[in-house]
Structures are given as structure tokens and as C-alpha cells.
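Okay, data.cif now, which holds mmCIF, C-alpha atoms and all ligand atoms:
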```
data_model
#
loop_
_atom_site.label_atom_id
_atom_site.label_comp_id
_atom_site.auth_asym_id
_atom_site.auth_seq_id
_atom_site.Cartn_x
_atom_site.Cartn_y
_atom_site.Cartn_z
CA MET A 10 -14.32 -16.83 10.19
CA GLU A 11 -16.88 -18.02 7.70
CA GLY A 12 -18.14 -16.19 4.68
CA TYR A 13 -16.72 -14.58 1.60
CA ALA A 14 -14.62 -11.60 0.62
CA ASP A 15 -14.21 -9.60 -2.57
CA LEU A 16 -10.62 -8.45 -2.25
CA HIS A 17 -10.33 -6.17 -5.27
CA VAL A 18 -12.75 -3.26 -5.35
CA HIS A 19 -12.25 0.33 -6.47
CA THR A 20 -14.02 3.47 -5.27
CA ASN A 21 -14.44 6.92 -6.75
CA PHE A 22 -11.14 7.86 -5.10
CA SER A 23 -9.67 6.21 -8.19
CA ASP A 24 -11.85 5.30 -11.14
CA SER A 25 -15.01 3.61 -9.89
CA VAL A 26 -18.41 5.25 -10.07
CA TYR A 27 -19.12 4.06 -6.49
CA SER A 28 -18.25 6.01 -3.37
CA PRO A 29 -16.76 3.99 -0.50
CA GLU A 30 -20.18 4.00 1.16
CA GLU A 31 -21.84 2.64 -1.99
CA VAL A 32 -19.21 -0.09 -2.14
CA LEU A 33 -20.12 -1.11 1.40
CA ILE A 34 -23.83 -1.06 0.59
CA HIS A 35 -23.24 -3.40 -2.35
CA ALA A 36 -20.89 -5.57 -0.30
CA LYS A 37 -23.59 -5.96 2.36
CA GLU A 38 -26.21 -6.75 -0.30
CA ALA A 39 -23.90 -9.41 -1.70
CA GLY A 40 -23.60 -10.89 1.78
CA LEU A 41 -19.84 -10.41 1.98
CA ALA A 42 -17.96 -10.68 5.25
CA ALA A 43 -15.15 -8.47 3.96
CA VAL A 44 -14.25 -6.18 1.11
CA GLY A 45 -10.76 -5.13 -0.01
CA ILE A 46 -10.53 -1.51 -1.11
CA CYS A 47 -7.76 -1.36 -3.71
CA ASP A 48 -7.81 2.02 -5.39
CA HIS A 49 -5.15 2.99 -7.87
CA ASP A 50 -2.55 5.08 -6.07
CA SER A 51 -4.96 6.36 -3.44
CA ILE A 52 -5.75 5.60 0.19
CA GLY A 53 -8.72 7.98 0.48
CA GLY A 54 -11.24 5.22 -0.15
CA VAL A 55 -9.67 3.00 2.53
CA GLN A 56 -9.88 5.76 5.10
CA GLU A 57 -13.52 6.58 4.34
CA ALA A 58 -14.61 2.93 4.14
CA LEU A 59 -12.97 2.07 7.48
CA GLU A 60 -15.03 4.76 9.14
CA LEU A 61 -18.21 3.09 7.82
CA GLU A 62 -17.20 -0.47 8.62
CA ASP A 63 -19.37 -0.80 11.73
CA LYS A 64 -22.38 0.89 10.15
CA TYR A 65 -22.61 -1.79 7.45
CA GLY A 66 -21.09 -4.71 9.32
CA VAL A 67 -18.65 -5.48 6.51
CA GLU A 68 -14.96 -5.72 7.35
CA VAL A 69 -12.77 -3.41 5.29
CA VAL A 70 -9.40 -4.78 4.20
CA PRO A 71 -7.04 -1.89 3.49
CA GLY A 72 -5.51 -2.30 0.03
CA ILE A 73 -3.87 -0.46 -2.81
CA GLU A 74 -3.24 -1.14 -6.49
CA LEU A 75 0.03 0.14 -7.92
CA SER A 76 0.64 0.23 -11.67
CA THR A 77 4.04 -0.96 -12.72
CA GLU A 78 5.81 -1.79 -15.92
CA LEU A 79 7.88 -4.77 -16.87
CA LYS A 80 9.35 -4.56 -20.38
CA ASN A 81 6.43 -2.54 -21.79
CA MET A 82 3.98 -4.88 -20.13
CA GLU A 83 1.68 -3.56 -17.47
CA VAL A 84 1.80 -5.39 -14.14
CA HIS A 85 -0.57 -4.36 -11.36
CA MET A 86 0.60 -4.93 -7.83
CA LEU A 87 -1.90 -5.14 -5.00
CA GLY A 88 -0.88 -4.47 -1.42
CA TYR A 89 -2.89 -5.57 1.63
CA PHE A 90 -2.81 -4.76 5.33
CA TYR A 91 0.01 -2.25 4.96
CA ASP A 92 0.70 0.88 7.01
CA TRP A 93 -1.54 3.04 4.86
CA LYS A 94 -1.19 6.03 7.19
CA ASP A 95 2.58 6.26 6.57
CA LYS A 96 3.49 9.87 5.70
CA HIS A 97 6.21 9.01 3.20
CA PHE A 98 3.89 6.71 1.33
CA GLN A 99 1.21 9.39 1.20
CA ALA A 100 3.80 11.79 -0.23
CA LEU A 101 4.76 9.23 -2.88
CA LEU A 102 1.11 8.73 -3.84
CA LYS A 103 0.74 12.50 -4.11
CA THR A 104 3.65 12.64 -6.56
CA ILE A 105 2.20 9.79 -8.60
CA GLN A 106 -1.13 11.62 -8.71
CA GLU A 107 0.53 14.88 -9.79
CA VAL A 108 2.31 13.10 -12.63
CA ARG A 109 -1.02 11.53 -13.58
CA VAL A 110 -2.67 14.96 -13.84
CA TRP A 111 0.26 16.28 -15.87
CA ARG A 112 -0.01 13.26 -18.17
CA ALA A 113 -3.76 13.76 -18.73
CA GLU A 114 -3.22 17.45 -19.45
CA LEU A 115 -0.59 16.61 -22.04
CA MET A 116 -2.86 14.05 -23.72
CA VAL A 117 -5.61 16.69 -23.94
CA VAL A 118 -3.15 19.11 -25.59
CA LYS A 119 -2.24 16.40 -28.10
CA LEU A 120 -5.92 15.77 -28.86
CA GLN A 121 -6.46 19.52 -29.28
CA ASN A 122 -3.58 19.56 -31.76
CA LEU A 123 -5.31 16.73 -33.62
CA GLY A 124 -8.33 19.02 -33.99
CA PHE A 125 -10.60 17.85 -31.16
CA ASN A 126 -12.54 20.46 -29.24
CA ILE A 127 -11.80 19.17 -25.77
CA SER A 128 -10.67 21.10 -22.72
CA PHE A 129 -8.93 19.81 -19.62
CA GLU A 130 -11.72 21.31 -17.48
CA GLU A 131 -14.24 19.12 -19.29
CA VAL A 132 -12.10 16.07 -18.60
CA ILE A 133 -11.86 16.99 -14.92
CA ASN A 134 -15.67 17.26 -14.82
CA GLU A 135 -15.80 13.60 -15.89
CA THR A 136 -13.67 12.43 -13.00
CA GLY A 137 -15.71 13.27 -9.91
CA SER A 138 -13.42 12.94 -6.91
CA GLY A 139 -11.25 10.30 -8.56
CA ALA A 140 -7.85 10.40 -10.22
CA VAL A 141 -7.95 11.75 -13.75
CA GLY A 142 -6.89 9.35 -16.47
CA ARG A 143 -7.49 7.96 -19.91
CA PRO A 144 -10.93 6.49 -19.08
CA HIS A 145 -12.24 9.99 -18.40
CA ILE A 146 -10.82 11.36 -21.65
CA ALA A 147 -12.39 8.44 -23.50
CA ARG A 148 -15.76 8.99 -21.82
CA LEU A 149 -15.71 12.67 -22.82
CA MET A 150 -14.79 11.82 -26.42
CA LEU A 151 -17.70 9.41 -26.53
CA LYS A 152 -20.06 12.00 -25.08
CA LYS A 153 -18.99 14.44 -27.78
CA ARG A 154 -19.47 11.72 -30.40
CA TYR A 155 -15.91 11.92 -31.62
CA ILE A 156 -15.81 8.13 -31.41
CA LYS A 157 -18.37 5.34 -31.83
CA ASP A 158 -17.50 3.48 -28.68
CA TYR A 159 -15.30 3.79 -25.63
CA GLN A 160 -12.60 1.40 -26.86
CA GLU A 161 -12.07 3.40 -30.05
CA ALA A 162 -10.58 6.24 -28.00
CA PHE A 163 -7.81 3.89 -26.87
CA ASP A 164 -7.33 2.07 -30.15
CA LYS A 165 -7.07 5.22 -32.24
CA TYR A 166 -5.60 7.83 -29.89
CA LEU A 167 -4.78 6.97 -26.32
CA LYS A 168 -2.94 3.68 -26.20
CA PHE A 169 0.80 3.15 -26.47
CA GLY A 170 1.99 4.06 -29.96
CA MET A 171 -1.08 6.17 -30.81
CA PRO A 172 -0.85 9.93 -31.47
CA ALA A 173 -2.25 11.23 -28.17
CA TYR A 174 -0.44 8.73 -25.93
CA VAL A 175 1.80 10.05 -23.17
CA GLY A 176 4.00 7.76 -21.10
CA LYS A 177 3.42 7.48 -17.39
CA TYR A 178 5.25 7.41 -14.11
CA GLU A 179 7.11 4.16 -14.34
CA MET A 180 7.67 1.79 -11.50
CA HIS A 181 9.13 -1.70 -11.81
CA PRO A 182 7.04 -4.44 -10.16
CA LYS A 183 9.98 -5.00 -7.81
CA ASP A 184 9.79 -1.36 -6.71
CA ALA A 185 6.12 -1.80 -5.85
CA ILE A 186 6.87 -4.99 -3.93
CA ALA A 187 9.65 -3.19 -2.04
CA GLN A 188 7.33 -0.29 -1.26
CA ILE A 189 4.54 -2.50 0.10
CA THR A 190 7.05 -4.62 2.04
CA LYS A 191 8.52 -1.49 3.59
CA LEU A 192 5.03 -0.64 4.80
CA LYS A 193 4.78 -4.09 6.41
CA GLY A 194 2.08 -5.08 3.93
CA ILE A 195 1.54 -8.10 1.73
CA PRO A 196 2.30 -7.72 -2.01
CA VAL A 197 0.01 -9.69 -4.31
CA VAL A 198 0.25 -9.67 -8.09
CA ALA A 199 -3.10 -8.81 -9.74
CA HIS A 200 -4.92 -10.32 -12.76
CA MET A 201 -1.94 -12.02 -14.35
CA LYS A 202 -3.93 -12.75 -17.48
CA TYR A 203 -2.87 -9.26 -18.52
CA SER A 204 0.75 -9.69 -17.62
CA GLU A 205 2.06 -12.87 -19.14
CA MET A 206 5.58 -13.11 -17.79
CA SER A 207 8.19 -15.81 -18.10
CA GLN A 208 8.92 -18.14 -15.22
CA ALA A 209 12.26 -16.40 -14.69
CA GLU A 210 10.56 -12.99 -14.49
CA PHE A 211 7.99 -14.35 -12.07
CA GLU A 212 10.65 -15.90 -9.88
CA GLU A 213 12.43 -12.56 -9.78
CA LEU A 214 9.28 -11.09 -8.23
CA LEU A 215 9.21 -13.92 -5.71
CA ASN A 216 12.80 -13.19 -4.76
CA ALA A 217 11.82 -9.54 -4.36
CA GLY A 218 9.22 -10.59 -1.77
CA LEU A 219 5.99 -11.30 -3.64
CA LYS A 220 3.66 -13.12 -1.26
CA GLY A 221 0.43 -13.72 -3.13
CA ILE A 222 -1.36 -14.08 -6.42
CA GLU A 223 -4.84 -12.97 -7.47
CA VAL A 224 -6.10 -16.27 -8.82
CA TYR A 225 -9.76 -15.26 -9.17
CA HIS A 226 -10.67 -12.19 -11.20
CA THR A 227 -13.56 -10.99 -13.36
CA MET A 228 -11.48 -11.50 -16.50
CA HIS A 229 -10.16 -14.93 -15.53
CA GLY A 230 -12.01 -17.99 -16.79
CA PRO A 231 -11.79 -21.56 -15.47
CA GLU A 232 -8.59 -22.07 -17.42
CA GLU A 233 -6.83 -19.11 -15.77
CA ASN A 234 -8.21 -20.05 -12.36
CA LYS A 235 -6.56 -23.44 -12.65
CA LYS A 236 -3.36 -22.10 -14.15
CA TYR A 237 -2.81 -19.53 -11.42
CA MET A 238 -3.92 -21.87 -8.67
CA ASP A 239 -1.18 -24.22 -9.84
CA VAL A 240 1.31 -21.35 -9.65
CA ALA A 241 0.10 -20.50 -6.13
CA ASN A 242 0.48 -24.10 -5.02
CA LYS A 243 3.87 -24.51 -6.64
CA TYR A 244 5.34 -21.54 -4.78
CA GLY A 245 3.19 -21.62 -1.64
CA LEU A 246 1.59 -18.25 -2.36
CA ILE A 247 -1.44 -16.70 -0.71
CA VAL A 248 -4.47 -17.00 -2.99
CA THR A 249 -6.69 -13.94 -3.40
CA GLY A 250 -9.43 -12.88 -5.75
CA GLY A 251 -11.89 -10.14 -6.49
CA SER A 252 -14.26 -8.51 -8.93
CA ASP A 253 -12.04 -5.48 -9.72
CA SER A 254 -15.34 -3.60 -9.46
CA HIS A 255 -15.43 -0.13 -10.99
CA GLY A 256 -19.22 0.06 -10.82
CA PRO A 257 -22.28 -2.02 -11.73
CA ASP A 258 -20.57 -3.69 -14.71
CA GLU A 259 -18.39 -5.73 -12.37
CA GLN A 260 -20.58 -5.69 -9.29
CA VAL A 261 -19.04 -5.86 -5.83
CA GLY A 262 -19.08 -9.52 -4.79
CA SER A 263 -19.41 -10.93 -8.33
CA VAL A 264 -16.02 -12.56 -7.74
CA LYS A 265 -15.27 -13.67 -4.21
CA VAL A 266 -12.99 -15.88 -2.18
CA GLN A 267 -13.41 -17.66 1.12
CA TYR A 268 -12.60 -15.47 4.08
CA SER A 269 -10.89 -18.34 5.87
CA VAL A 270 -8.63 -19.05 2.90
CA SER A 271 -7.63 -15.58 1.80
CA VAL A 272 -8.28 -12.96 4.47
CA GLU A 273 -7.12 -15.08 7.35
CA ARG A 274 -3.89 -15.95 5.55
CA LEU A 275 -3.24 -12.30 4.74
CA LYS A 276 -3.85 -11.44 8.38
CA ALA A 277 -1.56 -14.20 9.58
CA GLU A 278 1.14 -12.92 7.24
CA ARG A 279 0.74 -9.37 8.53
CA LYS A 280 0.96 -10.67 12.09
CA SER A 281 4.15 -12.55 11.39
CA ILE A 282 5.65 -9.46 9.71
CA LEU A 283 4.77 -7.32 12.73
CA PHE A 284 5.57 -9.73 15.50
CA GLY A 285 7.71 -12.40 13.89
CA SER A 286 6.66 -15.96 13.32
CA ARG A 287 7.27 -18.62 15.85
ZN ZN A 301 -5.54 -3.67 -12.32
ZN ZN A 302 -8.14 -2.91 -10.10
#
```

Go ahead and render the structure in this file as C-alpha cells.
Ligand SMILES: [Zn+2]
Ligand SMILES: [Zn+2]
Amino acid sequence: MEGYADLHVHTNFSDSVYSPEEVLIHAKEAGLAAVGICDHDSIGGVQEALELEDKYGVEVVPGIELSTELKNMEVHMLGYFYDWKDKHFQALLKTIQEVRVWRAELMVVKLQNLGFNISFEEVINETGSGAVGRPHIARLMLKKRYIKDYQEAFDKYLKFGMPAYVGKYEMHPKDAIAQITKLKGIPVVAHMKYSEMSQAEFEELLNAGLKGIEVYHTMHGPEENKKYMDVANKYGLIVTGGSDSHGPDEQVGSVKVQYSVSVERLKAERKSILFGSR
């Protein structure tokens, strides 16, 4: 099939300001043939978007983005065309979400102890239907003028090593790969610019079943595009890319890949997982 796909888009089921329907509206406006819904630890956006697929004439690629940690470095693992309806997986996501809420509550308590007049209810009001997290706490702190800009909330209070930081549910990238593989999906490592790993570490992920790499991303420049394309070629990985849209700042479709290159290869991979390759 011809056309383009943005394979990394969030909805308000995680931390975007767009609902799944708004994502599809923007995808249609951008002329995309397909859009990959990759919410953090949630499949709600996939479900809702799939129901609207025909209305907007944009194909929805079911995805997920799992946060993992490798030696204190964050690695985000994308999964595509997996069995998103699986009950065990939904239970796991529920646990991850519960830990996330607990973590946010604890960070609010720490901020209260530091003298800030912030309640957990106020933070929840910032989240809409999405999963509560540090961005919402930061937005509230900005609204209350406790900080000058959004980033200051992280730099002074919320990031690792700062006084209101609370650790999170930890998953190794290999666990995420195993999880997606178990669901007959295709694991793809996201925006590697943020997770500089050694060749040995990367090869460990390949041995664990990594199938693709997000070469194109909003935060990747020409240098990264080339670097990760070389990695993809070296190991024969599926090449994906996307805007990582969380709203108008990284608009849906602002980063896109060719449908025939990325989506069709993902689909072929899924087919061979389900039916075996000949
Ligand atoms: Zn990410
Ligand atoms: Zn993302």
C-alpha cells in the first residue's frame, strides 16, 4: 500500500491532550494512511481508535509503549500488532497503573512536606482520563506559580535524585520484549537517542527477541536518523518512526514513515509469528 504512517502517537488514555478521535482527525488531516497508537501502559486508546477507523478512513495500528530501565537508563519499548485483548496483559497493565497512582500520591506527599500547597485531587484534575504522572504534577506546580517553567519541576523536585522523586515499577527491557513476544507482537525499541547503550547491551536485546528500531523520531536529527538506520541495516531490523505526539507540539504526522516499508513489514512479521514463515 502507498502512503505514510505515523507509528508513535499517544492519546489521553496516557498523557496526550488528544482523545483517540482527535488523533484520527489529525491523522486524516495529515493525509496519513495509518497511525500507530502507542500509549504508555494502556490499551484503551487502541480500542477506541479501532472503533473509529472506518469513520476516518485511517488504519489504526495497535501499539503500546512500555517503560523499562537498564542500569538507571530509561529504555522505552514499543510493541506492535500484539494480542492487546489478552486478559493477563490487561491485568499486568492494571498493576502498572496502580503502582503509578501510588507513586504520584507519594510524590505529592513529599512535595507537601517540602511546604507546597498541593493536593492529590488537584493533580488528578490535571490528568483527564489519562494515567497520572510527573507531567501532571509539574503542570499543576506551574499553574500555581511554584516554578517558572515546566522543566524546573523536574530539575528541582521530580527527577531522579531530587527531593520529591519516587522510584517506579521497574521492568528490564528484556522483560518488555518477552511480554510483547508472548502476545505475538513485534517489539521495537523507541527513540534510542535517550537510551545510549553499548553494543553488547543492544545485542542482548536482539538475543531477547528485539525485532525493530524506531529510526525516525521528533527528537532525532539527520545524524541520529543515519546512525540508527545503520544499526537497522546491520542487524536486519524493521525500521519504524513516529512523532511521539502528545498534542499540538508534536503534531500527528509531523514524523512519518512509508507504509510499504514499515507497516507492511510489521504485518508480515506478525503473520509469520501467527502462521509460521515458509
Ligand atoms: Zn517514550
Ligand atoms: Zn511515546

Given 12 Å and all atoms listed in the file, residues near ligand ZN 302 (chain A) as a ChimeraX atom specification: /A:15-20,23-25,45-51,72-76,84-88,198-201,203,223,226-228,250-256,259

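Distance check against ligand ZN 301 (chain A) using all atoms listed in the file: of A:Val197, A:Leu219, A:Ile282, A:Ile133, the minimum falls on A:Val197.
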
Tell me which residues come within 12 Å of (-3.1, 9.8, 8.7), as a CSV table (one decimal) with C-alpha atoms, keeping the file's coordinate frame, counting all atoms listed in the file in the file's coordinates.
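For reference, result06.csv as written:
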```csv
chain,number,residue,atom,x,y,z
A,52,ILE,CA,-5.8,5.6,0.2
A,53,GLY,CA,-8.7,8.0,0.5
A,55,VAL,CA,-9.7,3.0,2.5
A,56,GLN,CA,-9.9,5.8,5.1
A,57,GLU,CA,-13.5,6.6,4.3
A,92,ASP,CA,0.7,0.9,7.0
A,93,TRP,CA,-1.5,3.0,4.9
A,94,LYS,CA,-1.2,6.0,7.2
A,95,ASP,CA,2.6,6.3,6.6
A,96,LYS,CA,3.5,9.9,5.7
A,97,HIS,CA,6.2,9.0,3.2
A,98,PHE,CA,3.9,6.7,1.3
A,99,GLN,CA,1.2,9.4,1.2
A,100,ALA,CA,3.8,11.8,-0.2
```

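Atom pair atom CA of Ala42 of chain A / atom CA of Leu215 of chain A: separated by 29.5 Å.
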
Residue among A:Glu83, A:Glu11, A:Pro29, A:Arg143 lying closest to ligand ZN 301 (chain A), counting only C-alpha atoms and all ligand atoms: A:Glu83

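Picture a line from atom CA of Gln160 of chain A to atom CA of Glu30 of chain A; it runs 29.1 Å.
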
Shortest interatomic distance to Gly142 of chain A - which of A:Arg274, A:Lys191, A:His35, A:Arg109, counting only C-alpha atoms: A:Arg109

Interatomic distance, atom CA of Ala39 of chain A to atom CA of Asp258 of chain A (Å, one decimal): 14.6 Å

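Candidate residues A:Lys202, A:Lys236, A:Lys220, A:Lys276 were compared for distance to ligand ZN 301 (chain A), and the nearest is A:Lys202, using all atoms listed in the file.
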
Nearest to ligand ZN 301 (chain A), chosen from A:Ile127, A:Phe90, A:Phe284, A:Ser204, with all atoms listed in the file counted in the distances: A:Ser204

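Closest approach to Thr249 of chain A from the set A:Leu61, A:Ile186, A:Val44, A:Ala113 is made by A:Val44, with distances taken over only C-alpha atoms.
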
Within 10 Å of Ala241 of chain A, counting all atoms listed in the file, which residues qualify if same-chain residues fewer than 3 places away don't, as a PDB file with C-alpha atoms, keeping the file's coordinate frame?
```pdb
ATOM      1  CA  LYS A 220       3.660 -13.120  -1.260  1.00  0.00           C
ATOM      2  CA  GLY A 221       0.430 -13.720  -3.130  1.00  0.00           C
ATOM      3  CA  ILE A 222      -1.360 -14.080  -6.420  1.00  0.00           C
ATOM      4  CA  GLU A 223      -4.840 -12.970  -7.470  1.00  0.00           C
ATOM      5  CA  VAL A 224      -6.100 -16.270  -8.820  1.00  0.00           C
ATOM      6  CA  LYS A 235      -6.560 -23.440 -12.650  1.00  0.00           C
ATOM      7  CA  LYS A 236      -3.360 -22.100 -14.150  1.00  0.00           C
ATOM      8  CA  TYR A 237      -2.810 -19.530 -11.420  1.00  0.00           C
ATOM      9  CA  MET A 238      -3.920 -21.870  -8.670  1.00  0.00           C
ATOM     10  CA  TYR A 244       5.340 -21.540  -4.780  1.00  0.00           C
ATOM     11  CA  GLY A 245       3.190 -21.620  -1.640  1.00  0.00           C
ATOM     12  CA  LEU A 246       1.590 -18.250  -2.360  1.00  0.00           C
ATOM     13  CA  ILE A 247      -1.440 -16.700  -0.710  1.00  0.00           C
ATOM     14  CA  VAL A 248      -4.470 -17.000  -2.990  1.00  0.00           C
ATOM     15  CA  THR A 249      -6.690 -13.940  -3.400  1.00  0.00           C
TER      16      THR A 249
END
```

Neighbours of point (10.3, -3.9, 0.4) within 12 Å, using all atoms listed in the file, written as a VMD selection string: chain A and resid 88 91 182 to 196 214 to 220 282
